[in-house]
Amino acid sequence: MSGEFTAPKGVPDYFPPASADFLTVRNALTDAAHRAGYGHIELPIFEDTALFARGVGESTDVVSKEMYTFADRGGRTVTLRPEGTAGVMRAVIQHGLDRGQLPVKVCYSGPFFRYERPQAGRYRQLQQVGVEAIGVDDPALDAEVIAVADEGYRRLGLSGYRLELTSLGDDTCRPQYREVLQEFLLGLDLDEATRERARLNPLRVLDDKRPEVKEMTAGAPLMIDHLSESAREHFAAVGKHLDQLGVKYELNPRLVRGLDYYTKTTFEFVHDGLGAQSGIGGGGRYDGLMKQIGGKQDLSGIGFGIGVDRTVLALAAEDVSVAGQGRVQVYGVPLGADAKDELVAVAGRLREHGISVDLAYGDRGLKGAMKAADRSGARLALVLGANELAERTVEVKDLATGEQSSIALDEVVADLSARLA
Ligand code: HAM
C-alpha cells in the first residue's frame, strides 16, 4: 500500500484497462433492456430511510444490518440506496407515472450501498443494472424481464450460469402458507433468535445458511406446494413463455431472496465459477410494494437487478474476453518534433471522423513507443518518421498480425476508416 489515503473498505475503483470490461458489461446489459422498450431512469443515490425500511422489509439483513444511514444537516434521516426497486416505485408514484401508459418500463444502472463483510465478489459499493415493469400483471411480462437478463448475459458470451425459478405465491395463498411454515418451524429445536425470526418472518429462516439449521429445515413445507389456483396458473404461464423465448430454467422451490417484497414469480441467476457469492442477478414480482410505500393504487410490478461486478468476475472465470469499448483503435508513434506536429493534427482529423486515437506523448524512442502501442490494445499503429514525413506518407502497422504498409498522409482518414470498418 502506498499513499496516505485508500478507498473505503469494500469499495472498488474501476480504472483502465479493466474498466473497459466493466463498461462493456454494463452497456451490454442496458442495451438488452433498451431493445425490449425499457427507458432510462436516473434515481437519487440517497432517499428517505423509511422508504427502504418499509419497501425492502425491516426484518431483512439489508435493512436491519447493512444500510448506510445518516442524518443530514437538516436532521433528516437518509440512506444510501441499498437497491433500486423501492426508489423506482417511489418515483412512479410521485410523478404519477402510474396514471399514464402501463406498464411503466424503466432501466437503471449505477452504484448501490450495503454494509456487508467485504470479500471476493461482495462489495460495500456494488454496481447493478436493473429493470422494472410496473402496472401490468401478465406472466408474459415476467418472462420478458427474465429473457432480457438472459440475453444480456448471452450476448456477452457468458454460458456457465443457470436460472433458478420459483413462485412465492400471492396474498390469497401466502398467509395460509406462512402459518403452516411457522407451525413447522416452531416445532423445531431452534435457538431463541431464530424462533423469533420464525415468528416475525418465517420465510427468512429457510434462507439460514448454518448447516444445523439447514438440516432441520430440509423437510419444511414449501410455498410451491401451497399455491392458489391463480398463482399456480400464473407460474405455469411464465414457464410456457420462457420456453417460447428459448430461456432455460430450473425450478428451485427453496429459493429465498434477501428482500421481502417478492410475490409470485421469483428468480435468481447463479454462476458456479464464483465461489460463495454465486448470485449474478435476481429479481421477481412485487405486487404489494406500491401500497406498502403509500401508493393510492396497488399496481403490480416485476424486475431484476444484475450485479455488474459479479458478471465481470463470471466472464473472467469463464475466460471470456469482452475488452473492446474504451480501448483506442489507433495509436500514433511520432519520431521527432516535426512528425509529432503532423500526427497531432492527424489524430484530430481521425477523431472527428469517429476513430479513437491515442499518441505516444513525451517524445519516446521507437522501441518504447511501440511497446506502448501494443499495451494500448489498439488495432493499428501509425508510425511517422522524418523520411515518411519528407515523402508525405505514413507507416500503418497491424498490431495483431505485424503486417505493415505505407500510405499517403492525405489519405489517412479514408484508408483507416476502410480498414476499421
Ligand atoms: P439483489 O439480489 O439484492 O436484488 O441484488 C441483485 C444483484 O446485485 C445480486 O444478484 C448480485 O449480483 C448483486 N449484488 C448484491 N449485493 C452485492 C454486493 N454486496 N457486492 C456485489 N454484488 C452484489 C435487488 O437488489 C433487487 N432490487 C432486484 C430486483 C429488481 N427485484 C425486482 N426488481
# chains A, B, ... in the order shown; residues from 1 in each chain; ligands from 1
>>> residues_around(residues="A:Gly152", least_positions_apart="6", cutoff="10 Å", atoms="only C-alpha atoms", output="PyMOL selection string")
chain A and resi 25-33+158+306
>>> write_last_selection(atoms="N, CA, C and O atoms", output="PDB file, in the first residue's frame")
ATOM      1  N   VAL A  25     -19.676  -4.581 -20.106  1.00  0.00           N
ATOM      2  CA  VAL A  25     -20.704  -5.408 -19.465  1.00  0.00           C
ATOM      3  C   VAL A  25     -21.933  -4.561 -19.146  1.00  0.00           C
ATOM      4  O   VAL A  25     -23.062  -4.920 -19.475  1.00  0.00           O
ATOM      5  N   ARG A  26     -21.697  -3.400 -18.539  1.00  0.00           N
ATOM      6  CA  ARG A  26     -22.843  -2.571 -18.178  1.00  0.00           C
ATOM      7  C   ARG A  26     -23.645  -2.166 -19.415  1.00  0.00           C
ATOM      8  O   ARG A  26     -24.875  -2.221 -19.416  1.00  0.00           O
ATOM      9  N   ASN A  27     -22.937  -1.788 -20.488  1.00  0.00           N
ATOM     10  CA  ASN A  27     -23.646  -1.369 -21.691  1.00  0.00           C
ATOM     11  C   ASN A  27     -24.396  -2.522 -22.346  1.00  0.00           C
ATOM     12  O   ASN A  27     -25.498  -2.347 -22.864  1.00  0.00           O
ATOM     13  N   ALA A  28     -23.812  -3.719 -22.344  1.00  0.00           N
ATOM     14  CA  ALA A  28     -24.499  -4.866 -22.958  1.00  0.00           C
ATOM     15  C   ALA A  28     -25.805  -5.153 -22.214  1.00  0.00           C
ATOM     16  O   ALA A  28     -26.822  -5.486 -22.831  1.00  0.00           O
ATOM     17  N   LEU A  29     -25.770  -5.006 -20.899  1.00  0.00           N
ATOM     18  CA  LEU A  29     -26.969  -5.292 -20.102  1.00  0.00           C
ATOM     19  C   LEU A  29     -28.040  -4.216 -20.312  1.00  0.00           C
ATOM     20  O   LEU A  29     -29.218  -4.521 -20.460  1.00  0.00           O
ATOM     21  N   THR A  30     -27.627  -2.936 -20.339  1.00  0.00           N
ATOM     22  CA  THR A  30     -28.636  -1.885 -20.551  1.00  0.00           C
ATOM     23  C   THR A  30     -29.140  -1.921 -22.001  1.00  0.00           C
ATOM     24  O   THR A  30     -30.314  -1.693 -22.248  1.00  0.00           O
ATOM     25  N   ASP A  31     -28.264  -2.269 -22.969  1.00  0.00           N
ATOM     26  CA  ASP A  31     -28.711  -2.377 -24.362  1.00  0.00           C
ATOM     27  C   ASP A  31     -29.813  -3.423 -24.497  1.00  0.00           C
ATOM     28  O   ASP A  31     -30.791  -3.222 -25.228  1.00  0.00           O
ATOM     29  N   ALA A  32     -29.629  -4.569 -23.820  1.00  0.00           N
ATOM     30  CA  ALA A  32     -30.646  -5.628 -23.893  1.00  0.00           C
ATOM     31  C   ALA A  32     -31.989  -5.093 -23.381  1.00  0.00           C
ATOM     32  O   ALA A  32     -33.046  -5.383 -23.948  1.00  0.00           O
ATOM     33  N   ALA A  33     -31.937  -4.276 -22.331  1.00  0.00           N
ATOM     34  CA  ALA A  33     -33.170  -3.709 -21.770  1.00  0.00           C
ATOM     35  C   ALA A  33     -33.791  -2.690 -22.730  1.00  0.00           C
ATOM     36  O   ALA A  33     -35.005  -2.688 -22.953  1.00  0.00           O
ATOM     37  N   LEU A 158     -21.356 -15.138 -21.920  1.00  0.00           N
ATOM     38  CA  LEU A 158     -21.395 -15.935 -20.693  1.00  0.00           C
ATOM     39  C   LEU A 158     -22.265 -17.172 -20.933  1.00  0.00           C
ATOM     40  O   LEU A 158     -23.307 -17.090 -21.574  1.00  0.00           O
ATOM     41  N   ILE A 306     -29.087  -6.915 -11.789  1.00  0.00           N
ATOM     42  CA  ILE A 306     -27.930  -7.756 -12.128  1.00  0.00           C
ATOM     43  C   ILE A 306     -26.691  -7.113 -11.505  1.00  0.00           C
ATOM     44  O   ILE A 306     -26.498  -5.904 -11.596  1.00  0.00           O
TER      45      ILE A 306
END
>>> residues_near_ligand(ligand="ligand 1", cutoff="6 Å", atoms="only C-alpha atoms and all ligand atoms", output="tab-separated table (two decimals) with C-alpha atoms, in the first residue's frame")
chain	number	residue	atom	x	y	z
A	83	GLU	CA	-31.23	-1.37	-4.06
A	84	GLY	CA	-33.24	0.19	-6.88
A	85	THR	CA	-36.77	-1.16	-6.83
A	114	ARG	CA	-24.64	-2.31	1.56
A	121	GLY	CA	-17.48	-10.57	-5.31
A	122	ARG	CA	-19.04	-8.84	-2.31
A	123	TYR	CA	-18.58	-5.11	-2.01
A	124	ARG	CA	-19.95	-2.29	0.08
A	126	LEU	CA	-21.75	-2.55	-5.72
A	128	GLN	CA	-26.15	-3.01	-10.70
A	130	GLY	CA	-31.79	-3.21	-13.20
A	132	GLU	CA	-38.65	-2.64	-13.55
A	258	GLY	CA	-32.85	-11.30	0.52
A	279	GLY	CA	-25.69	-14.81	-7.46
A	280	ILE	CA	-25.00	-12.75	-10.57
A	281	GLY	CA	-28.53	-11.39	-10.77
A	282	GLY	CA	-32.00	-11.86	-9.45
A	283	GLY	CA	-35.47	-10.46	-9.19
A	284	GLY	CA	-39.13	-11.17	-9.29
A	302	ILE	CA	-41.70	-7.13	-11.81
A	303	GLY	CA	-38.00	-6.54	-12.33
A	304	PHE	CA	-34.43	-7.69	-11.91
A	305	GLY	CA	-31.12	-6.43	-10.58
A	306	ILE	CA	-27.93	-7.76	-12.13
A	307	GLY	CA	-24.63	-7.41	-10.32
A	310	ARG	CA	-20.08	-10.24	-10.39
>>> residues_around(residues="stretch 364-367 of chain A", least_positions_apart="3", cutoff="10 Å", atoms="only C-alpha atoms", output="list in words")
Val333, Pro334, Leu335, Gly336, Ala360, Tyr361, Met370, Lys371, Ala372, Ala373, Val383 and Gly385 of chain A
>>> closest_residue(among="A:Leu315, A:Gly37, A:Arg375, A:Ala414", to="A:Gly354", atoms="only C-alpha atoms")
A:Ala414
>>> closest_residue(among="A:Glu352, A:Asp13, A:Glu179, A:Glu42", to="A:Val106", atoms="only C-alpha atoms")
A:Glu42
>>> closest_residue(among="A:Arg392, A:Arg76, A:Lys264, A:Lys397", to="A:Leu168", atoms="only C-alpha atoms")
A:Lys264
>>> residues_around(residues="stretch 86-99 of chain A", least_positions_apart="4", cutoff="10 Å", atoms="only C-alpha atoms", output="mmCIF file with N, CA, C and O atoms, in the first residue's frame")
data_model
loop_
_atom_site.group_PDB
_atom_site.id
_atom_site.type_symbol
_atom_site.label_atom_id
_atom_site.label_comp_id
_atom_site.auth_asym_id
_atom_site.auth_seq_id
_atom_site.Cartn_x
_atom_site.Cartn_y
_atom_site.Cartn_z
ATOM 1 N N ILE A 41 -33.978 5.444 -16.514
ATOM 2 C CA ILE A 41 -34.371 6.236 -15.341
ATOM 3 C C ILE A 41 -33.141 6.451 -14.476
ATOM 4 O O ILE A 41 -32.321 5.553 -14.308
ATOM 5 N N GLU A 42 -33.000 7.691 -13.991
ATOM 6 C CA GLU A 42 -31.853 8.062 -13.153
ATOM 7 C C GLU A 42 -32.426 8.443 -11.795
ATOM 8 O O GLU A 42 -33.244 9.345 -11.704
ATOM 9 N N LEU A 43 -32.006 7.742 -10.770
ATOM 10 C CA LEU A 43 -32.627 7.932 -9.464
ATOM 11 C C LEU A 43 -31.657 8.513 -8.450
ATOM 12 O O LEU A 43 -30.445 8.413 -8.624
ATOM 13 N N PRO A 44 -32.176 9.100 -7.363
ATOM 14 C CA PRO A 44 -31.289 9.628 -6.318
ATOM 15 C C PRO A 44 -30.431 8.522 -5.706
ATOM 16 O O PRO A 44 -30.875 7.384 -5.591
ATOM 17 N N ILE A 45 -29.220 8.902 -5.304
ATOM 18 C CA ILE A 45 -28.320 7.958 -4.632
ATOM 19 C C ILE A 45 -28.745 7.784 -3.177
ATOM 20 O O ILE A 45 -28.485 6.770 -2.572
ATOM 21 N N PHE A 46 -29.389 8.793 -2.591
ATOM 22 C CA PHE A 46 -29.903 8.609 -1.227
ATOM 23 C C PHE A 46 -31.365 9.023 -1.184
ATOM 24 O O PHE A 46 -31.817 9.868 -1.951
ATOM 25 N N GLU A 47 -32.081 8.360 -0.298
ATOM 26 C CA GLU A 47 -33.509 8.637 -0.145
ATOM 27 C C GLU A 47 -33.855 8.582 1.341
ATOM 28 O O GLU A 47 -33.060 8.133 2.174
ATOM 29 N N ASP A 48 -35.083 8.960 1.624
ATOM 30 C CA ASP A 48 -35.649 8.839 2.962
ATOM 31 C C ASP A 48 -35.466 7.398 3.465
ATOM 32 O O ASP A 48 -35.841 6.450 2.788
ATOM 33 N N LEU A 51 -38.310 4.824 3.304
ATOM 34 C CA LEU A 51 -38.680 4.203 2.021
ATOM 35 C C LEU A 51 -38.102 2.794 1.930
ATOM 36 O O LEU A 51 -38.784 1.850 1.545
ATOM 37 N N PHE A 52 -36.828 2.656 2.284
ATOM 38 C CA PHE A 52 -36.196 1.331 2.197
ATOM 39 C C PHE A 52 -36.668 0.419 3.331
ATOM 40 O O PHE A 52 -36.885 -0.771 3.137
ATOM 41 N N ALA A 53 -36.808 1.003 4.537
ATOM 42 C CA ALA A 53 -37.242 0.193 5.682
ATOM 43 C C ALA A 53 -38.587 -0.448 5.372
ATOM 44 O O ALA A 53 -38.779 -1.646 5.564
ATOM 45 N N ARG A 54 -39.517 0.356 4.823
ATOM 46 C CA ARG A 54 -40.844 -0.180 4.530
ATOM 47 C C ARG A 54 -40.872 -0.983 3.251
ATOM 48 O O ARG A 54 -41.537 -1.993 3.137
ATOM 49 N N GLY A 55 -40.142 -0.510 2.249
ATOM 50 C CA GLY A 55 -40.181 -1.173 0.937
ATOM 51 C C GLY A 55 -39.467 -2.512 0.956
ATOM 52 O O GLY A 55 -39.995 -3.528 0.520
ATOM 53 N N VAL A 56 -38.246 -2.523 1.478
ATOM 54 C CA VAL A 56 -37.427 -3.743 1.424
ATOM 55 C C VAL A 56 -37.771 -4.701 2.562
ATOM 56 O O VAL A 56 -37.694 -5.920 2.406
ATOM 57 N N ARG A 81 -28.850 4.368 -1.175
ATOM 58 C CA ARG A 81 -29.740 3.322 -1.690
ATOM 59 C C ARG A 81 -29.084 1.933 -1.656
ATOM 60 O O ARG A 81 -28.010 1.736 -2.227
ATOM 61 N N PRO A 82 -29.727 0.970 -0.988
ATOM 62 C CA PRO A 82 -29.175 -0.390 -0.993
ATOM 63 C C PRO A 82 -29.646 -1.185 -2.203
ATOM 64 O O PRO A 82 -29.078 -2.233 -2.522
ATOM 65 N N PRO A 103 -47.548 -1.063 -19.069
ATOM 66 C CA PRO A 103 -46.686 -0.899 -17.900
ATOM 67 C C PRO A 103 -45.667 0.215 -18.087
ATOM 68 O O PRO A 103 -45.283 0.534 -19.196
ATOM 69 N N VAL A 104 -45.260 0.806 -16.954
ATOM 70 C CA VAL A 104 -44.120 1.719 -16.945
ATOM 71 C C VAL A 104 -42.887 0.818 -17.001
ATOM 72 O O VAL A 104 -42.709 -0.032 -16.138
ATOM 73 N N VAL A 106 -38.838 0.736 -17.083
ATOM 74 C CA VAL A 106 -37.627 1.544 -16.915
ATOM 75 C C VAL A 106 -36.407 0.680 -16.611
ATOM 76 O O VAL A 106 -36.519 -0.449 -16.133
ATOM 77 N N CYS A 107 -35.249 1.260 -16.933
ATOM 78 C CA CYS A 107 -33.967 0.582 -16.739
ATOM 79 C C CYS A 107 -33.008 1.558 -16.052
ATOM 80 O O CYS A 107 -33.027 2.757 -16.349
ATOM 81 N N TYR A 108 -32.218 1.071 -15.106
ATOM 82 C CA TYR A 108 -31.265 1.935 -14.398
ATOM 83 C C TYR A 108 -29.931 1.225 -14.227
ATOM 84 O O TYR A 108 -29.846 -0.003 -14.318
ATOM 85 N N VAL A 131 -33.965 -3.502 -14.207
ATOM 86 C CA VAL A 131 -35.158 -3.055 -14.928
ATOM 87 C C VAL A 131 -36.364 -3.263 -14.019
ATOM 88 O O VAL A 131 -36.348 -4.129 -13.145
ATOM 89 N N GLU A 132 -37.383 -2.454 -14.240
ATOM 90 C CA GLU A 132 -38.653 -2.644 -13.548
ATOM 91 C C GLU A 132 -39.770 -2.401 -14.561
ATOM 92 O O GLU A 132 -39.676 -1.489 -15.391
ATOM 93 N N ALA A 133 -40.809 -3.246 -14.500
ATOM 94 C CA ALA A 133 -42.008 -3.082 -15.343
ATOM 95 C C ALA A 133 -43.195 -3.047 -14.397
ATOM 96 O O ALA A 133 -43.483 -4.034 -13.724
ATOM 97 N N ILE A 134 -43.843 -1.879 -14.337
ATOM 98 C CA ILE A 134 -44.850 -1.659 -13.302
ATOM 99 C C ILE A 134 -46.226 -1.395 -13.906
ATOM 100 O O ILE A 134 -46.374 -0.583 -14.819
ATOM 101 N N GLY A 135 -47.228 -2.107 -13.392
ATOM 102 C CA GLY A 135 -48.604 -1.768 -13.732
ATOM 103 C C GLY A 135 -49.359 -2.806 -14.536
ATOM 104 O O GLY A 135 -50.535 -2.609 -14.830
ATOM 105 N N TYR A 261 -40.106 -7.954 -0.546
ATOM 106 C CA TYR A 261 -41.282 -7.559 -1.333
ATOM 107 C C TYR A 261 -41.747 -8.574 -2.377
ATOM 108 O O TYR A 261 -42.737 -8.378 -3.049
ATOM 109 N N LEU A 289 -45.859 -3.928 -3.266
ATOM 110 C CA LEU A 289 -44.905 -2.878 -2.900
ATOM 111 C C LEU A 289 -45.475 -1.465 -3.012
ATOM 112 O O LEU A 289 -45.233 -0.604 -2.171
ATOM 113 N N MET A 290 -46.271 -1.226 -4.056
ATOM 114 C CA MET A 290 -46.790 0.137 -4.251
ATOM 115 C C MET A 290 -47.617 0.581 -3.049
ATOM 116 O O MET A 290 -47.445 1.680 -2.530
ATOM 117 N N LYS A 291 -48.508 -0.281 -2.614
ATOM 118 C CA LYS A 291 -49.332 0.003 -1.425
ATOM 119 C C LYS A 291 -48.450 0.185 -0.188
ATOM 120 O O LYS A 291 -48.634 1.107 0.604
ATOM 121 N N GLN A 292 -47.479 -0.704 -0.067
ATOM 122 C CA GLN A 292 -46.581 -0.727 1.084
ATOM 123 C C GLN A 292 -45.891 0.613 1.311
ATOM 124 O O GLN A 292 -45.662 1.025 2.432
ATOM 125 N N ILE A 293 -45.567 1.312 0.205
ATOM 126 C CA ILE A 293 -44.865 2.583 0.379
ATOM 127 C C ILE A 293 -45.792 3.776 0.131
ATOM 128 O O ILE A 293 -45.347 4.873 -0.199
ATOM 129 N N GLY A 294 -47.088 3.509 0.281
ATOM 130 C CA GLY A 294 -48.026 4.630 0.328
ATOM 131 C C GLY A 294 -48.685 5.015 -0.983
ATOM 132 O O GLY A 294 -49.249 6.111 -1.083
ATOM 133 N N GLY A 295 -48.619 4.147 -1.995
ATOM 134 C CA GLY A 295 -49.299 4.437 -3.253
ATOM 135 C C GLY A 295 -50.810 4.341 -3.072
ATOM 136 O O GLY A 295 -51.288 3.565 -2.246
ATOM 137 N N LYS A 296 -51.568 5.179 -3.830
ATOM 138 C CA LYS A 296 -53.037 5.103 -3.711
ATOM 139 C C LYS A 296 -53.545 3.880 -4.455
ATOM 140 O O LYS A 296 -54.497 3.231 -4.061
ATOM 141 N N GLN A 297 -52.909 3.571 -5.571
ATOM 142 C CA GLN A 297 -53.285 2.372 -6.312
ATOM 143 C C GLN A 297 -52.437 1.215 -5.776
ATOM 144 O O GLN A 297 -51.522 1.398 -5.005
ATOM 145 N N ASP A 298 -52.768 0.015 -6.245
ATOM 146 C CA ASP A 298 -51.969 -1.136 -5.831
ATOM 147 C C ASP A 298 -51.534 -1.876 -7.096
ATOM 148 O O ASP A 298 -52.000 -2.967 -7.374
ATOM 149 N N LEU A 299 -50.663 -1.231 -7.858
ATOM 150 C CA LEU A 299 -50.251 -1.836 -9.127
ATOM 151 C C LEU A 299 -49.157 -2.876 -8.898
ATOM 152 O O LEU A 299 -48.325 -2.743 -8.014
ATOM 153 N N GLY A 301 -45.814 -5.237 -10.072
ATOM 154 C CA GLY A 301 -44.536 -4.902 -10.701
ATOM 155 C C GLY A 301 -43.655 -6.123 -10.786
ATOM 156 O O GLY A 301 -43.845 -7.108 -10.060
#
>>> select_by_dssp(residues="stretch 229-309 of chain A", states="strand (DSSP E or B)", output="list of chain:residue names")
A:Glu250, A:Leu251, A:Thr263, A:Lys264, A:Thr265, A:Thr266, A:Phe267, A:Glu268, A:Phe269, A:Val270, A:His271, A:Gly279, A:Ile280, A:Gly281, A:Gly282, A:Gly283, A:Gly284, A:Arg285, A:Gly301, A:Ile302, A:Gly303, A:Phe304, A:Gly305, A:Ile306, A:Gly307
>>> select_by_dssp(residues="stretch 180-302 of chain A", states="alpha helix (DSSP H)", output="PyMOL selection string")
chain A and resi 180-186+192-200+202-205+211-216+229-244+289-292
>>> atom_distance(atom1="atom CA of A:Ala339", atom2="atom CA of A:Glu388")
8.9 Å
>>> residues_around(residues="A:Ser59", least_positions_apart="3", cutoff="8 Å", atoms="only C-alpha atoms", output="ChimeraX atom specification")
/A:63-64,200-201
>>> write_last_selection(atoms="N, CA, C and O atoms", output="PDB file, in the first residue's frame")
ATOM      1  N   VAL A  63     -31.932  -4.267   5.464  1.00  0.00           N
ATOM      2  CA  VAL A  63     -32.423  -3.138   6.263  1.00  0.00           C
ATOM      3  C   VAL A  63     -31.892  -3.178   7.690  1.00  0.00           C
ATOM      4  O   VAL A  63     -31.458  -2.155   8.229  1.00  0.00           O
ATOM      5  N   SER A  64     -31.856  -4.338   8.316  1.00  0.00           N
ATOM      6  CA  SER A  64     -31.526  -4.367   9.744  1.00  0.00           C
ATOM      7  C   SER A  64     -30.025  -4.265  10.010  1.00  0.00           C
ATOM      8  O   SER A  64     -29.609  -3.839  11.074  1.00  0.00           O
ATOM      9  N   LEU A 200     -41.584 -13.685  13.260  1.00  0.00           N
ATOM     10  CA  LEU A 200     -41.685 -12.430  12.516  1.00  0.00           C
ATOM     11  C   LEU A 200     -41.790 -12.646  11.010  1.00  0.00           C
ATOM     12  O   LEU A 200     -42.617 -12.057  10.327  1.00  0.00           O
ATOM     13  N   ASN A 201     -40.900 -13.498  10.497  1.00  0.00           N
ATOM     14  CA  ASN A 201     -40.795 -13.664   9.048  1.00  0.00           C
ATOM     15  C   ASN A 201     -40.261 -15.064   8.735  1.00  0.00           C
ATOM     16  O   ASN A 201     -39.082 -15.251   8.433  1.00  0.00           O
TER      17      ASN A 201
END
>>> residues_around(residues="A:Ile224", least_positions_apart="3", cutoff="8 Å", atoms="only C-alpha atoms", output="list in words")
Thr166, Ser167, Leu168, Gly169, Leu227 and Pro253 of chain A
